[in-house]
$ cat query.tsv   # TSV, C-alpha atoms and all ligand atoms
chain	number	residue	atom	x	y	z
A	28	MET	CA	-2.41	-4.43	-26.41
A	29	MET	CA	-4.78	-4.45	-23.47
A	30	ARG	CA	-8.33	-3.41	-22.68
A	31	LEU	CA	-8.50	-0.02	-21.00
A	32	ASP	CA	-10.46	-1.32	-18.00
A	33	LYS	CA	-7.86	-4.07	-17.54
A	34	PHE	CA	-5.12	-1.44	-17.70
A	35	LEU	CA	-6.86	0.57	-14.98
A	36	SER	CA	-7.11	-2.49	-12.77
A	37	VAL	CA	-3.55	-3.83	-13.24
A	38	THR	CA	-2.13	-0.43	-12.45
A	39	ALA	CA	-4.34	-0.49	-9.32
A	40	THR	CA	-5.97	2.74	-10.51
A	41	ALA	CA	-9.49	1.39	-10.16
A	42	SER	CA	-11.48	-1.83	-10.01
A	43	ARG	CA	-13.51	-2.81	-13.08
A	44	LYS	CA	-16.63	-1.35	-11.45
A	45	GLU	CA	-14.94	1.92	-10.48
A	46	SER	CA	-13.39	2.14	-13.95
A	47	ALA	CA	-16.82	2.13	-15.57
A	48	VAL	CA	-17.76	5.22	-13.55
A	49	LEU	CA	-14.49	7.04	-14.25
A	50	LEU	CA	-14.77	6.29	-17.95
A	51	LYS	CA	-18.39	7.38	-18.14
A	52	LYS	CA	-17.46	10.73	-16.60
A	53	GLY	CA	-14.71	11.23	-19.21
A	54	ARG	CA	-12.02	11.37	-16.53
A	55	VAL	CA	-9.77	8.89	-18.35
A	56	LYS	CA	-7.95	10.06	-21.48
A	57	VAL	CA	-5.80	8.15	-23.92
A	58	ASN	CA	-3.29	10.33	-25.74
A	59	GLY	CA	-5.29	13.38	-24.71
A	60	GLN	CA	-8.70	12.13	-25.87
A	61	PRO	CA	-11.40	11.01	-23.44
A	62	VAL	CA	-12.28	7.35	-23.88
A	63	PHE	CA	-15.61	6.16	-22.53
A	64	LYS	CA	-15.53	2.42	-23.15
A	65	GLY	CA	-13.60	-0.07	-20.99
A	66	GLU	CA	-13.26	-2.53	-23.84
A	67	THR	CA	-11.25	-0.04	-25.92
A	68	LYS	CA	-7.84	-1.57	-26.68
A	69	ILE	CA	-4.76	0.43	-25.83
A	70	ASP	CA	-1.05	-0.13	-26.29
A	71	GLU	CA	0.10	-0.13	-22.68
A	72	GLU	CA	3.75	0.35	-23.69
A	73	LYS	CA	3.18	3.34	-25.97
A	74	ASP	CA	-0.11	5.09	-25.23
A	75	THR	CA	-0.32	7.80	-22.56
A	76	VAL	CA	-3.26	7.19	-20.28
A	77	THR	CA	-4.25	9.85	-17.76
A	78	LEU	CA	-6.77	10.04	-14.94
A	79	ASP	CA	-7.84	13.61	-14.23
A	80	GLY	CA	-4.81	14.71	-16.23
A	81	GLU	CA	-2.30	12.64	-14.17
A	82	PRO	CA	-0.40	10.03	-16.20
A	83	ILE	CA	-0.87	6.44	-15.08
A	84	LEU	CA	2.41	4.57	-15.15
A	85	PHE	CA	2.42	1.04	-16.45
A	86	GLN	CA	4.73	-1.51	-14.93
A	87	LYS	CA	4.53	-5.06	-16.12
A	88	ASN	CA	5.13	-6.28	-12.60
A	89	ARG	CA	4.16	-4.98	-9.21
A	90	TYR	CA	6.67	-4.27	-6.43
A	91	ILE	CA	5.37	-3.42	-2.99
A	92	LEU	CA	7.25	-2.18	0.05
A	93	LEU	CA	5.51	-3.33	3.22
A	94	HIS	CA	6.26	-2.48	6.84
A	95	LYS	CA	5.51	-5.87	8.35
A	96	PRO	CA	4.04	-5.87	11.84
A	97	GLN	CA	4.44	-8.75	14.33
A	98	GLY	CA	1.94	-11.59	14.09
A	99	TYR	CA	1.82	-11.96	10.31
A	100	VAL	CA	3.21	-14.94	8.40
A	101	SER	CA	5.42	-14.25	5.35
A	102	SER	CA	3.64	-16.59	3.00
A	103	THR	CA	0.72	-16.53	0.64
A	104	ASP	CA	-1.27	-19.18	2.46
A	105	ASP	CA	-0.75	-20.40	6.02
A	106	PRO	CA	-3.10	-21.86	8.59
A	107	SER	CA	-0.97	-20.67	11.55
A	108	GLY	CA	-1.94	-17.01	11.32
A	109	PRO	CA	-2.84	-14.11	9.08
A	110	THR	CA	-0.50	-13.72	6.11
A	111	VAL	CA	1.24	-10.52	5.07
A	112	LEU	CA	-0.95	-10.48	1.96
A	113	GLU	CA	-3.93	-9.80	4.17
A	114	LEU	CA	-2.45	-6.38	4.88
A	115	LEU	CA	-3.17	-5.43	1.25
A	116	PRO	CA	-6.56	-4.73	-0.26
A	117	GLU	CA	-7.96	-7.80	-1.95
A	118	LYS	CA	-7.66	-6.42	-5.48
A	119	GLU	CA	-3.94	-5.87	-4.92
A	120	ARG	CA	-3.08	-9.40	-3.74
A	121	ARG	CA	-3.33	-11.30	-7.02
A	122	ASN	CA	-0.11	-13.20	-7.91
A	123	LEU	CA	1.93	-11.43	-5.24
A	124	PHE	CA	4.32	-13.29	-2.98
A	125	PRO	CA	6.88	-12.18	-0.39
A	126	CYS	CA	10.45	-11.87	-1.66
A	127	GLY	CA	12.08	-13.81	1.18
A	128	ARG	CA	10.66	-14.44	4.61
A	129	LEU	CA	10.55	-12.78	7.97
A	130	ASP	CA	9.59	-14.74	11.08
A	131	LYS	CA	6.10	-14.16	12.42
A	132	ASN	CA	7.43	-11.98	15.26
A	133	THR	CA	9.97	-10.07	13.10
A	134	THR	CA	8.96	-6.59	11.94
A	135	GLY	CA	10.19	-4.35	9.14
A	136	LEU	CA	10.86	-4.22	5.44
A	137	LEU	CA	9.30	-6.87	3.25
A	138	ILE	CA	9.04	-6.70	-0.52
A	139	LEU	CA	6.07	-8.29	-2.20
A	140	THR	CA	6.13	-8.82	-5.94
A	141	ASP	CA	4.73	-10.87	-8.80
A	142	ASP	CA	8.15	-10.82	-10.51
A	143	GLY	CA	9.37	-14.40	-9.97
A	144	PRO	CA	12.69	-14.13	-11.87
A	145	LEU	CA	13.74	-10.99	-9.98
A	146	ALA	CA	12.86	-12.47	-6.57
A	147	HIS	CA	14.72	-15.64	-7.48
A	148	ARG	CA	17.81	-13.66	-8.46
A	149	LEU	CA	17.79	-11.53	-5.30
A	150	LEU	CA	17.54	-14.59	-3.08
A	151	SER	CA	19.83	-17.00	-4.96
A	152	PRO	CA	23.02	-17.88	-3.04
A	153	LYS	CA	25.17	-16.42	-5.82
A	154	HIS	CA	23.59	-12.97	-5.84
A	155	HIS	CA	22.04	-12.83	-2.43
A	156	ALA	CA	21.03	-9.25	-1.63
A	157	LYS	CA	22.34	-7.61	1.56
A	158	LYS	CA	19.83	-7.49	4.38
A	159	GLU	CA	20.23	-5.31	7.44
A	160	TYR	CA	18.38	-6.05	10.68
A	161	TYR	CA	18.15	-4.20	13.97
A	162	PHE	CA	18.14	-6.52	16.96
A	163	THR	CA	17.89	-6.49	20.71
A	164	CYS	CA	19.10	-9.45	22.74
A	165	GLN	CA	18.90	-10.83	26.23
A	166	ARG	CA	22.56	-11.03	27.27
A	167	LYS	CA	25.34	-8.51	26.95
A	168	ILE	CA	27.28	-8.90	23.68
A	169	THR	CA	31.04	-9.06	24.07
A	170	ALA	CA	33.71	-8.13	21.54
A	171	GLN	CA	34.41	-11.87	21.26
A	172	ASP	CA	30.73	-12.52	20.43
A	173	VAL	CA	30.89	-9.91	17.67
A	174	ALA	CA	34.10	-11.40	16.25
A	175	ASP	CA	32.65	-14.94	16.33
A	176	LEU	CA	29.31	-13.96	14.80
A	177	GLU	CA	30.99	-11.90	12.08
A	178	GLY	CA	33.38	-14.72	11.23
A	179	GLY	CA	30.67	-17.39	11.05
A	180	VAL	CA	29.09	-19.69	13.63
A	181	ASP	CA	27.70	-23.21	13.48
A	182	ILE	CA	23.89	-23.18	13.33
A	183	GLY	CA	23.17	-26.91	13.36
A	184	GLY	CA	25.76	-28.20	10.92
A	185	TYR	CA	25.95	-25.08	8.76
A	186	ILE	CA	28.65	-22.43	9.21
A	187	THR	CA	27.22	-19.00	8.50
A	188	LYS	CA	28.93	-16.72	5.99
A	189	PRO	CA	30.81	-13.63	7.18
A	190	CYS	CA	28.48	-10.82	8.24
A	191	LYS	CA	28.77	-7.31	9.67
A	192	ILE	CA	27.65	-6.24	13.14
A	193	THR	CA	27.50	-2.70	14.51
A	194	LEU	CA	26.59	-2.39	18.18
A	195	PHE	CA	24.34	0.42	19.40
A	196	ASP	CA	24.91	-0.60	23.03
A	197	ASP	CA	25.66	-3.83	24.95
A	198	PHE	CA	22.24	-5.32	24.11
A	199	SER	CA	21.37	-4.02	20.64
A	200	GLY	CA	22.80	-3.31	17.24
A	201	SER	CA	22.51	-3.97	13.53
A	202	ILE	CA	23.53	-7.10	11.68
A	203	THR	CA	23.95	-7.30	7.90
A	204	LEU	CA	23.71	-10.69	6.21
A	205	THR	CA	24.16	-11.81	2.62
A	206	GLU	CA	22.27	-15.06	3.08
A	207	GLY	CA	18.99	-16.12	4.58
A	208	LYS	CA	18.77	-19.43	6.36
A	209	TYR	CA	15.60	-20.20	8.30
A	210	HIS	CA	15.69	-18.37	11.70
A	211	GLN	CA	19.30	-17.49	10.90
A	212	ILE	CA	19.87	-14.58	13.28
A	213	LYS	CA	18.07	-16.27	16.17
A	214	LEU	CA	20.16	-19.41	15.64
A	215	MET	CA	23.38	-17.40	15.36
A	216	PHE	CA	22.73	-15.70	18.69
A	217	ALA	CA	21.68	-19.02	20.24
A	218	ALA	CA	25.06	-20.40	19.11
A	219	ARG	CA	26.64	-17.69	21.31
A	220	CYS	CA	24.34	-18.61	24.25
A	221	ASN	CA	22.34	-15.47	23.71
A	222	LYS	CA	18.73	-14.86	22.74
A	223	ILE	CA	17.22	-12.47	20.24
A	224	LEU	CA	14.38	-10.49	21.84
A	225	THR	CA	13.35	-8.30	18.90
A	226	LEU	CA	14.26	-8.30	15.23
A	227	HIS	CA	13.43	-5.64	12.68
A	228	ARG	CA	14.55	-5.58	9.01
A	229	HIS	CA	15.75	-2.13	8.12
A	230	ALA	CA	17.11	-2.62	4.58
A	231	PHE	CA	17.12	-5.10	1.72
A	232	GLY	CA	19.14	-4.96	-1.52
A	233	GLY	CA	19.88	-1.23	-1.12
A	234	ILE	CA	16.28	-0.35	-0.28
A	235	VAL	CA	15.70	1.17	3.14
A	236	LEU	CA	12.39	0.94	4.98
A	237	ASP	CA	10.47	4.16	4.35
A	238	PRO	CA	10.08	5.91	7.72
A	239	ALA	CA	6.75	7.30	6.52
A	240	LEU	CA	5.30	3.76	6.54
A	241	LYS	CA	3.82	2.76	9.88
A	242	GLN	CA	3.57	-0.93	10.76
A	243	GLY	CA	1.08	-2.60	8.43
A	244	GLU	CA	1.33	0.17	5.82
A	245	TRP	CA	2.66	-0.28	2.29
A	246	ARG	CA	3.37	1.54	-0.94
A	247	TYR	CA	4.66	0.71	-4.42
A	248	LEU	CA	8.41	0.84	-4.91
A	249	THR	CA	9.42	3.91	-6.87
A	250	PRO	CA	10.90	3.32	-10.37
A	251	GLU	CA	14.33	4.20	-8.86
A	252	GLU	CA	13.91	1.52	-6.19
A	253	VAL	CA	12.86	-1.05	-8.78
A	254	ASN	CA	15.98	-0.13	-10.78
A	255	LEU	CA	18.10	-0.70	-7.69
A	256	LEU	CA	16.73	-4.22	-7.34
A	257	GLU	CA	17.00	-4.94	-11.05
A	258	SER	CA	20.60	-3.77	-11.22
A	259	HIS	CA	21.57	-5.94	-8.25
A	260	GLU	CA	24.61	-8.01	-9.26
B	301	LIG	N1	16.71	-14.21	11.00
B	301	LIG	C1	15.78	-14.65	11.89
B	301	LIG	O1	16.10	-15.37	12.83
B	301	LIG	N2	14.51	-14.27	11.71
B	301	LIG	C2	14.09	-13.45	10.71
B	301	LIG	O2	12.91	-13.11	10.62
B	301	LIG	C3	15.08	-13.00	9.80
B	301	LIG	C4	16.38	-13.40	9.96
$ encode --input "query.tsv" --output "structure tokens"
Amino acid sequence: MMRLDKFLSVTATASRKESAVLLKKGRVKVNGQPVFKGETKIDEEKDTVTLDGEPILFQKNRYILLHKPQGYVSSTDDPSGPTVLELLPEKERRNLFPCGRLDKNTTGLLILTDDGPLAHRLLSPKHHAKKEYYFTCQRKITAQDVADLEGGVDIGGYITKPCKITLFDDFSGSITLTEGKYHQIKLMFAARCNKILTLHRHAFGGIVLDPALKQGEWRYLTPEEVNLLESHE
């Protein structure tokens, strides 16, 4: 059971203050009946709550798909620059953290969630979700480079796991990893005497970056997308 005003805030429908106004105007209904008081207790699992007739879906956790721009740090708190959380409105930030990290100058798909167990599972070495990046690099990539990178290269005492590379041209392509060491792709290319110029994450765990999201924009994952992550083996 949960207070109705709390329900409206955790579902990001309205802040406490906004809720009071919506409730007063009779715009919020519980099982078809207008409810005017924020302190009214509802059963968030069973009751149907609507705003202006539209059902409000309750998810215990929040899952956000963000198109990360350059210049933002993938952490909740960092003195070296603005964090990705600062791209969200303040009321949305509570308890969220990035599921994995992108370098400050990497762009693309980042999932933010407050679901610790799911994030842990997706990033654990045993289950590590597939991640696809688009890259551009400084030097021409040879067929030998592709074979070496796909087979695994030494990035400072660690041999990377097999990965998949598809070239778009001599200087760009996509690379799909099933692990995530710090600066991994940059270090892999450095191991082949090459240099990554741009890096953009296109997909993670079966979820593809929504082309409707411009850099810095975000939306909630759809229930289907959340299912995809949850069913990840
Ligand atoms: N590999 C990198 O080098 N940087 C990233 O941001 C992600 C993968």
$ residues_around --input "query.tsv" --residues "Ala230 (chain A)" --least-positions-apart "5" --cutoff "8 Å" --atoms "only C-alpha atoms" --output "list in words"
Leu136, Lys157, Lys158, Glu159, Tyr160, Val235 and Leu236 of chain A
$ closest_residue --input "query.tsv" --among "A:Met29, A:Lys52, A:Thr133, A:Thr103" --to "Ile69 (chain A)" --atoms "all atoms listed in the file"
A:Met29
$ residues_near_ligand --input "query.tsv" --ligand "ligand LIG 301 (chain B)" --cutoff "6 Å" --atoms "all atoms listed in the file" --output "list of chain:residue names"
A:Leu129, A:Asp130, A:Thr133, A:His210, A:Gln211, A:Ile212, A:Lys213
$ atom_distance --input "query.tsv" --atom1 "CA of His227 (chain A)" --atom2 "CA of Val173 (chain A)"
18.7 Å
$ closest_residue --input "query.tsv" --among "A:Lys44, A:Arg219, A:Lys131, A:Lys188" --to "Arg166 (chain A)" --atoms "only C-alpha atoms"
A:Arg219
$ atom_distance --input "query.tsv" --atom1 "CA of Asp141 (chain A)" --atom2 "CA of Glu119 (chain A)"
10.7 Å
$ atom_distance --input "query.tsv" --atom1 "CA of Ile83 (chain A)" --atom2 "CA of Arg54 (chain A)"
12.3 Å
$ closest_residue --input "query.tsv" --among "A:Val180, A:Val55, A:Leu255, A:Leu240" --to "Thr75 (chain A)" --atoms "all atoms listed in the file"
A:Val55
$ residues_near_point --input "query.tsv" --point "(-7.0, 9.5, -19.3)" --cutoff "8 Å" --atoms "all atoms listed in the file" --output "JSON, numbers by chain"
{"A": [53, 54, 55, 56, 57, 58, 59, 60, 61, 62, 75, 76, 77, 78, 79, 80, 81, 82]}
$ closest_residue --input "query.tsv" --among "A:Tyr90, A:Trp245, A:Phe231, A:Phe124" --to "Ala156 (chain A)" --atoms "only C-alpha atoms"
A:Phe231
$ closest_residue --input "query.tsv" --among "A:Glu66, A:Asn254, A:Cys164, A:Lys51" --to "Lys33 (chain A)" --atoms "only C-alpha atoms"
A:Glu66
$ residues_around --input "query.tsv" --residues "Leu248 (chain A)" --least-positions-apart "2" --cutoff "10 Å" --atoms "all atoms listed in the file" --output "list in words"
Arg89, Tyr90, Ile91, Leu92, Leu93, Ile138, Leu139, Thr140, Ile234, Trp245, Arg246, Pro250, Glu251, Glu252, Val253 and Asn254 of chain A
$ residues_around --input "query.tsv" --residues "Gly98 (chain A)" --least-positions-apart "2" --cutoff "7 Å" --atoms "all atoms listed in the file" --output "CSV table (one decimal) with C-alpha atoms, keeping the file's coordinate frame"
chain,number,residue,atom,x,y,z
A,96,PRO,CA,4.0,-5.9,11.8
A,100,VAL,CA,3.2,-14.9,8.4
A,131,LYS,CA,6.1,-14.2,12.4
A,132,ASN,CA,7.4,-12.0,15.3
$ closest_residue --input "query.tsv" --among "A:Asn122, A:Leu115, A:Thr38, A:Gly135" --to "Lys241 (chain A)" --atoms "only C-alpha atoms"
A:Gly135
$ residues_around --input "query.tsv" --residues "Thr110 (chain A)" --least-positions-apart "4" --cutoff "8 Å" --atoms "all atoms listed in the file" --output "list in words"
Tyr99, Val100, Ser101, Ser102, Thr103, Asp104, Asp105 and Leu114 of chain A
$ write_last_selection --input "query.tsv" --atoms "C-alpha atoms" --output "PDB file, in the frame of the given file"
ATOM      1  CA  TYR A  99       1.820 -11.960  10.310  1.00  0.00           C
ATOM      2  CA  VAL A 100       3.210 -14.940   8.400  1.00  0.00           C
ATOM      3  CA  SER A 101       5.420 -14.250   5.350  1.00  0.00           C
ATOM      4  CA  SER A 102       3.640 -16.590   3.000  1.00  0.00           C
ATOM      5  CA  THR A 103       0.720 -16.530   0.640  1.00  0.00           C
ATOM      6  CA  ASP A 104      -1.270 -19.180   2.460  1.00  0.00           C
ATOM      7  CA  ASP A 105      -0.750 -20.400   6.020  1.00  0.00           C
ATOM      8  CA  LEU A 114      -2.450  -6.380   4.880  1.00  0.00           C
TER       9      LEU A 114
END
$ residues_near_point --input "query.tsv" --point "(18.9, -15.3, 25.8)" --cutoff "7 Å" --atoms "all atoms listed in the file" --output "list in words"
Cys164, Gln165, Arg166, Cys220, Asn221, Lys222 and Ile223 of chain A
$ build_atoms --input "query.tsv" --residues "region 34-45 of chain A" --atoms "all heavy atoms" --output "compact mmCIF listing (two decimals), keeping the file's coordinate frame"
# COMPACT_ATOMS: atom_id res chain seq x y z
N PHE A 34 -6.25 -2.31 -18.00
CA PHE A 34 -5.12 -1.44 -17.70
C PHE A 34 -5.35 -0.69 -16.38
O PHE A 34 -4.47 -0.60 -15.53
CB PHE A 34 -4.93 -0.44 -18.86
CG PHE A 34 -3.83 0.57 -18.62
CD1 PHE A 34 -2.52 0.28 -18.97
CD2 PHE A 34 -4.11 1.80 -18.05
CE1 PHE A 34 -1.50 1.21 -18.75
CE2 PHE A 34 -3.10 2.74 -17.82
CZ PHE A 34 -1.80 2.43 -18.17
N LEU A 35 -6.57 -0.18 -16.21
CA LEU A 35 -6.86 0.57 -14.98
C LEU A 35 -6.82 -0.33 -13.76
O LEU A 35 -6.40 0.09 -12.69
CB LEU A 35 -8.24 1.25 -15.10
CG LEU A 35 -8.33 2.35 -16.16
CD1 LEU A 35 -9.77 2.83 -16.32
CD2 LEU A 35 -7.42 3.53 -15.83
N SER A 36 -7.17 -1.62 -13.94
CA SER A 36 -7.11 -2.49 -12.77
C SER A 36 -5.69 -2.99 -12.50
O SER A 36 -5.28 -3.03 -11.34
CB SER A 36 -8.14 -3.62 -12.86
OG SER A 36 -7.70 -4.62 -13.72
N VAL A 37 -4.91 -3.33 -13.53
CA VAL A 37 -3.55 -3.83 -13.24
C VAL A 37 -2.64 -2.74 -12.68
O VAL A 37 -1.68 -3.03 -11.98
CB VAL A 37 -2.83 -4.52 -14.43
CG1 VAL A 37 -3.53 -5.79 -14.84
CG2 VAL A 37 -2.60 -3.59 -15.58
N THR A 38 -2.95 -1.51 -13.01
CA THR A 38 -2.13 -0.43 -12.45
C THR A 38 -2.70 0.00 -11.09
O THR A 38 -2.24 0.99 -10.51
CB THR A 38 -2.10 0.80 -13.40
OG1 THR A 38 -3.46 1.16 -13.69
CG2 THR A 38 -1.36 0.50 -14.68
N ALA A 39 -3.69 -0.75 -10.61
CA ALA A 39 -4.34 -0.49 -9.32
C ALA A 39 -4.94 0.92 -9.27
O ALA A 39 -5.05 1.53 -8.22
CB ALA A 39 -3.36 -0.70 -8.16
N THR A 40 -5.33 1.43 -10.46
CA THR A 40 -5.97 2.74 -10.51
C THR A 40 -7.42 2.62 -10.05
O THR A 40 -7.92 3.46 -9.30
CB THR A 40 -5.94 3.29 -11.96
OG1 THR A 40 -4.59 3.22 -12.43
CG2 THR A 40 -6.44 4.72 -12.03
N ALA A 41 -8.08 1.57 -10.50
CA ALA A 41 -9.49 1.39 -10.16
C ALA A 41 -9.91 -0.05 -10.44
O ALA A 41 -9.33 -0.71 -11.30
CB ALA A 41 -10.34 2.34 -11.00
N SER A 42 -10.92 -0.51 -9.72
CA SER A 42 -11.48 -1.83 -10.01
C SER A 42 -12.29 -1.72 -11.31
O SER A 42 -12.57 -0.61 -11.76
CB SER A 42 -12.39 -2.28 -8.87
OG SER A 42 -13.51 -1.40 -8.83
N ARG A 43 -12.69 -2.85 -11.85
CA ARG A 43 -13.51 -2.81 -13.08
C ARG A 43 -14.74 -1.93 -12.90
O ARG A 43 -15.11 -1.15 -13.76
CB ARG A 43 -13.96 -4.23 -13.45
CG ARG A 43 -12.84 -5.08 -14.00
CD ARG A 43 -12.84 -5.03 -15.52
NE ARG A 43 -11.61 -5.64 -16.01
CZ ARG A 43 -11.56 -6.52 -16.99
NH1 ARG A 43 -12.65 -6.90 -17.60
NH2 ARG A 43 -10.41 -7.01 -17.39
N LYS A 44 -15.39 -2.09 -11.72
CA LYS A 44 -16.63 -1.35 -11.45
C LYS A 44 -16.35 0.16 -11.35
O LYS A 44 -17.05 0.97 -11.97
CB LYS A 44 -17.22 -1.85 -10.12
CG LYS A 44 -18.72 -1.89 -10.11
CD LYS A 44 -19.20 -2.76 -8.98
CE LYS A 44 -20.30 -2.04 -8.21
NZ LYS A 44 -20.50 -2.60 -6.89
N GLU A 45 -15.29 0.50 -10.62
CA GLU A 45 -14.94 1.92 -10.48
C GLU A 45 -14.55 2.50 -11.84
O GLU A 45 -14.86 3.65 -12.16
CB GLU A 45 -13.77 2.10 -9.50
CG GLU A 45 -14.12 1.82 -8.06
CD GLU A 45 -12.89 1.51 -7.20
OE1 GLU A 45 -11.78 1.33 -7.74
OE2 GLU A 45 -13.06 1.42 -5.99
